[in-house]
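**Student:** Got a structure for you, questions after.
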Amino acid sequence: MKKVTVRVCSGTTCFVMGASNLQMLHEYVPEELRDWVDIQGAHCLELCRDRNYGAAPYITIDDEIVAEADLSLILERIEQRVRG
Ligand code: FES
């Protein structure tokens, strides 16, 4: 297993496009993975400036950018990364 860092953008665009639903992400991470996931809030990741606003909300998992991030997609990616 590998520890990962998740950064959830709370900039205005992402917040309006759905990141507001991700503020309690830590509660949805499966118990057995929680020690392996560090979840951080972040100011605008500046991805909304270069990319389509419609692709927000953005999060990052280590160096991976996840667009149109919703709970199920994020949990799937976290599990993949942690378990390798
Ligand atoms: S508001 Fe999220 S990347 Fe800019």
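Going through the structure tokens in order, the chains are called A, B, and so on, while each chain numbers its residues from 1 and the ligands are numbered from 1 in the order shown.
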Hey, which bits of chain A sit within 8 Å of ligand 1, and for each residue what's the closest pair of atoms and how far apart in Å (one decimal), counting only C-alpha atoms and all ligand atoms, rows by chain and increasing number, as a Markdown table?
**Tutor:**
| residue | atom | partner | partner_atom_place_in_ligand_line | distance |
| --- | --- | --- | --- | --- |
| A:Cys9 | CA | ligand 1 | 2 (Fe) | 4.8 |
| A:Ser10 | CA | ligand 1 | 2 (Fe) | 6.1 |
| A:Gly11 | CA | ligand 1 | 1 (S) | 3.5 |
| A:Thr12 | CA | ligand 1 | 1 (S) | 4.9 |
| A:Thr13 | CA | ligand 1 | 1 (S) | 4.2 |
| A:Cys14 | CA | ligand 1 | 2 (Fe) | 4.2 |
| A:Phe15 | CA | ligand 1 | 1 (S) | 6.8 |
| A:His43 | CA | ligand 1 | 1 (S) | 7.2 |
| A:Cys44 | CA | ligand 1 | 4 (Fe) | 3.9 |
| A:Leu45 | CA | ligand 1 | 3 (S) | 4.1 |
| A:Glu46 | CA | ligand 1 | 3 (S) | 4.4 |
| A:Leu47 | CA | ligand 1 | 3 (S) | 4.1 |
| A:Cys48 | CA | ligand 1 | 4 (Fe) | 4.2 |
| A:Arg49 | CA | ligand 1 | 4 (Fe) | 6.5 |
| A:Ala56 | CA | ligand 1 | 2 (Fe) | 6.5 |
| A:Pro57 | CA | ligand 1 | 2 (Fe) | 6.0 |
| A:Tyr58 | CA | ligand 1 | 2 (Fe) | 5.6 |
| A:Ile59 | CA | ligand 1 | 2 (Fe) | 7.8 |
**Student:** Just the residues within 12 Å of Val8 in chain A, please, counting only C-alpha atoms, with nothing from its chain fewer than 5 positions along; format it as a ChimeraX atom specification.
**Tutor:** /A:14-15,18-26,38-45,56-62,65-71,74
**Student:** Go ahead and dump the residues you just picked, N, CA and C atoms, as a tab-separated table (two decimals), in the first residue's frame.
**Tutor:**
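Output contents, as saved in result-v4.tsv:
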chain	number	residue	atom	x	y	z
A	14	CYS	N	-14.66	25.60	-8.78
A	14	CYS	CA	-14.82	24.21	-8.34
A	14	CYS	C	-15.90	24.07	-7.28
A	15	PHE	N	-15.93	25.01	-6.37
A	15	PHE	CA	-16.93	24.94	-5.31
A	15	PHE	C	-18.34	24.97	-5.90
A	18	GLY	N	-19.40	21.74	-7.80
A	18	GLY	CA	-19.61	20.48	-7.09
A	18	GLY	C	-18.65	20.16	-5.97
A	19	ALA	N	-17.56	20.91	-5.84
A	19	ALA	CA	-16.61	20.60	-4.77
A	19	ALA	C	-17.23	20.82	-3.39
A	20	SER	N	-18.29	21.60	-3.34
A	20	SER	CA	-18.97	21.79	-2.06
A	20	SER	C	-19.45	20.45	-1.50
A	21	ASN	N	-19.70	19.50	-2.40
A	21	ASN	CA	-20.15	18.16	-1.97
A	21	ASN	C	-18.99	17.28	-1.52
A	22	LEU	N	-17.77	17.77	-1.68
A	22	LEU	CA	-16.59	16.94	-1.38
A	22	LEU	C	-15.91	17.33	-0.08
A	23	GLN	N	-16.49	18.30	0.60
A	23	GLN	CA	-15.84	18.80	1.82
A	23	GLN	C	-15.76	17.74	2.91
A	24	MET	N	-16.63	16.75	2.89
A	24	MET	CA	-16.62	15.69	3.90
A	24	MET	C	-16.06	14.39	3.32
A	25	LEU	N	-15.22	14.52	2.31
A	25	LEU	CA	-14.67	13.35	1.62
A	25	LEU	C	-14.08	12.34	2.59
A	26	HIS	N	-13.37	12.82	3.61
A	26	HIS	CA	-12.68	11.90	4.54
A	26	HIS	C	-13.65	10.90	5.17
A	38	ASP	N	-4.16	11.25	2.88
A	38	ASP	CA	-4.08	12.57	3.49
A	38	ASP	C	-4.90	13.52	2.62
A	39	ILE	N	-6.01	14.00	3.16
A	39	ILE	CA	-6.90	14.87	2.38
A	39	ILE	C	-6.69	16.31	2.83
A	40	GLN	N	-6.44	17.17	1.86
A	40	GLN	CA	-6.18	18.58	2.15
A	40	GLN	C	-7.10	19.45	1.32
A	41	GLY	N	-7.51	20.55	1.88
A	41	GLY	CA	-8.23	21.56	1.11
A	41	GLY	C	-7.21	22.41	0.37
A	42	ALA	N	-7.61	23.02	-0.70
A	42	ALA	CA	-6.67	23.84	-1.47
A	42	ALA	C	-7.39	25.04	-2.05
A	43	HIS	N	-6.67	26.15	-2.12
A	43	HIS	CA	-7.19	27.28	-2.87
A	43	HIS	C	-7.20	26.88	-4.34
A	44	CYS	N	-7.71	27.75	-5.19
A	44	CYS	CA	-7.77	27.45	-6.63
A	44	CYS	C	-6.46	26.81	-7.09
A	45	LEU	N	-6.59	25.63	-7.69
A	45	LEU	CA	-5.42	24.91	-8.19
A	45	LEU	C	-4.94	25.47	-9.54
A	56	ALA	N	-14.64	21.32	-14.15
A	56	ALA	CA	-14.55	21.45	-12.70
A	56	ALA	C	-15.67	20.59	-12.07
A	57	PRO	N	-15.53	20.14	-10.86
A	57	PRO	CA	-14.46	20.43	-9.93
A	57	PRO	C	-13.23	19.57	-10.15
A	58	TYR	N	-12.11	20.14	-9.78
A	58	TYR	CA	-10.84	19.44	-9.89
A	58	TYR	C	-10.33	19.04	-8.51
A	59	ILE	N	-9.69	17.89	-8.50
A	59	ILE	CA	-8.89	17.49	-7.34
A	59	ILE	C	-7.58	16.95	-7.88
A	60	THR	N	-6.61	16.80	-7.02
A	60	THR	CA	-5.41	16.08	-7.40
A	60	THR	C	-5.20	14.94	-6.40
A	61	ILE	N	-4.67	13.84	-6.93
A	61	ILE	CA	-4.23	12.72	-6.10
A	61	ILE	C	-2.76	12.55	-6.43
A	62	ASP	N	-1.91	12.98	-5.52
A	62	ASP	CA	-0.47	13.11	-5.80
A	62	ASP	C	-0.31	13.94	-7.07
A	65	ILE	N	-4.21	14.68	-11.95
A	65	ILE	CA	-5.32	15.62	-11.93
A	65	ILE	C	-6.60	14.85	-12.25
A	66	VAL	N	-7.61	15.05	-11.43
A	66	VAL	CA	-8.91	14.42	-11.70
A	66	VAL	C	-9.91	15.54	-11.94
A	67	ALA	N	-10.47	15.55	-13.15
A	67	ALA	CA	-11.48	16.54	-13.51
A	67	ALA	C	-12.87	15.93	-13.32
A	68	GLU	N	-13.86	16.79	-13.27
A	68	GLU	CA	-15.24	16.34	-13.06
A	68	GLU	C	-15.30	15.36	-11.89
A	69	ALA	N	-14.62	15.76	-10.84
A	69	ALA	CA	-14.46	14.86	-9.70
A	69	ALA	C	-15.75	14.75	-8.91
A	70	ASP	N	-16.23	13.55	-8.82
A	70	ASP	CA	-17.35	13.30	-7.90
A	70	ASP	C	-16.92	12.21	-6.93
A	71	LEU	N	-17.74	11.98	-5.95
A	71	LEU	CA	-17.36	11.10	-4.86
A	71	LEU	C	-16.94	9.71	-5.34
A	74	ILE	N	-13.57	9.74	-7.25
A	74	ILE	CA	-12.44	9.99	-6.36
A	74	ILE	C	-12.12	8.75	-5.53
**Student:** List every residue of chain A that DSSP, applied to the backbone of this structure, assigns to strand (DSSP E or B), and report them as a ChimeraX atom specification.
**Tutor:** /A:4-9,37-42,59-61,64-66
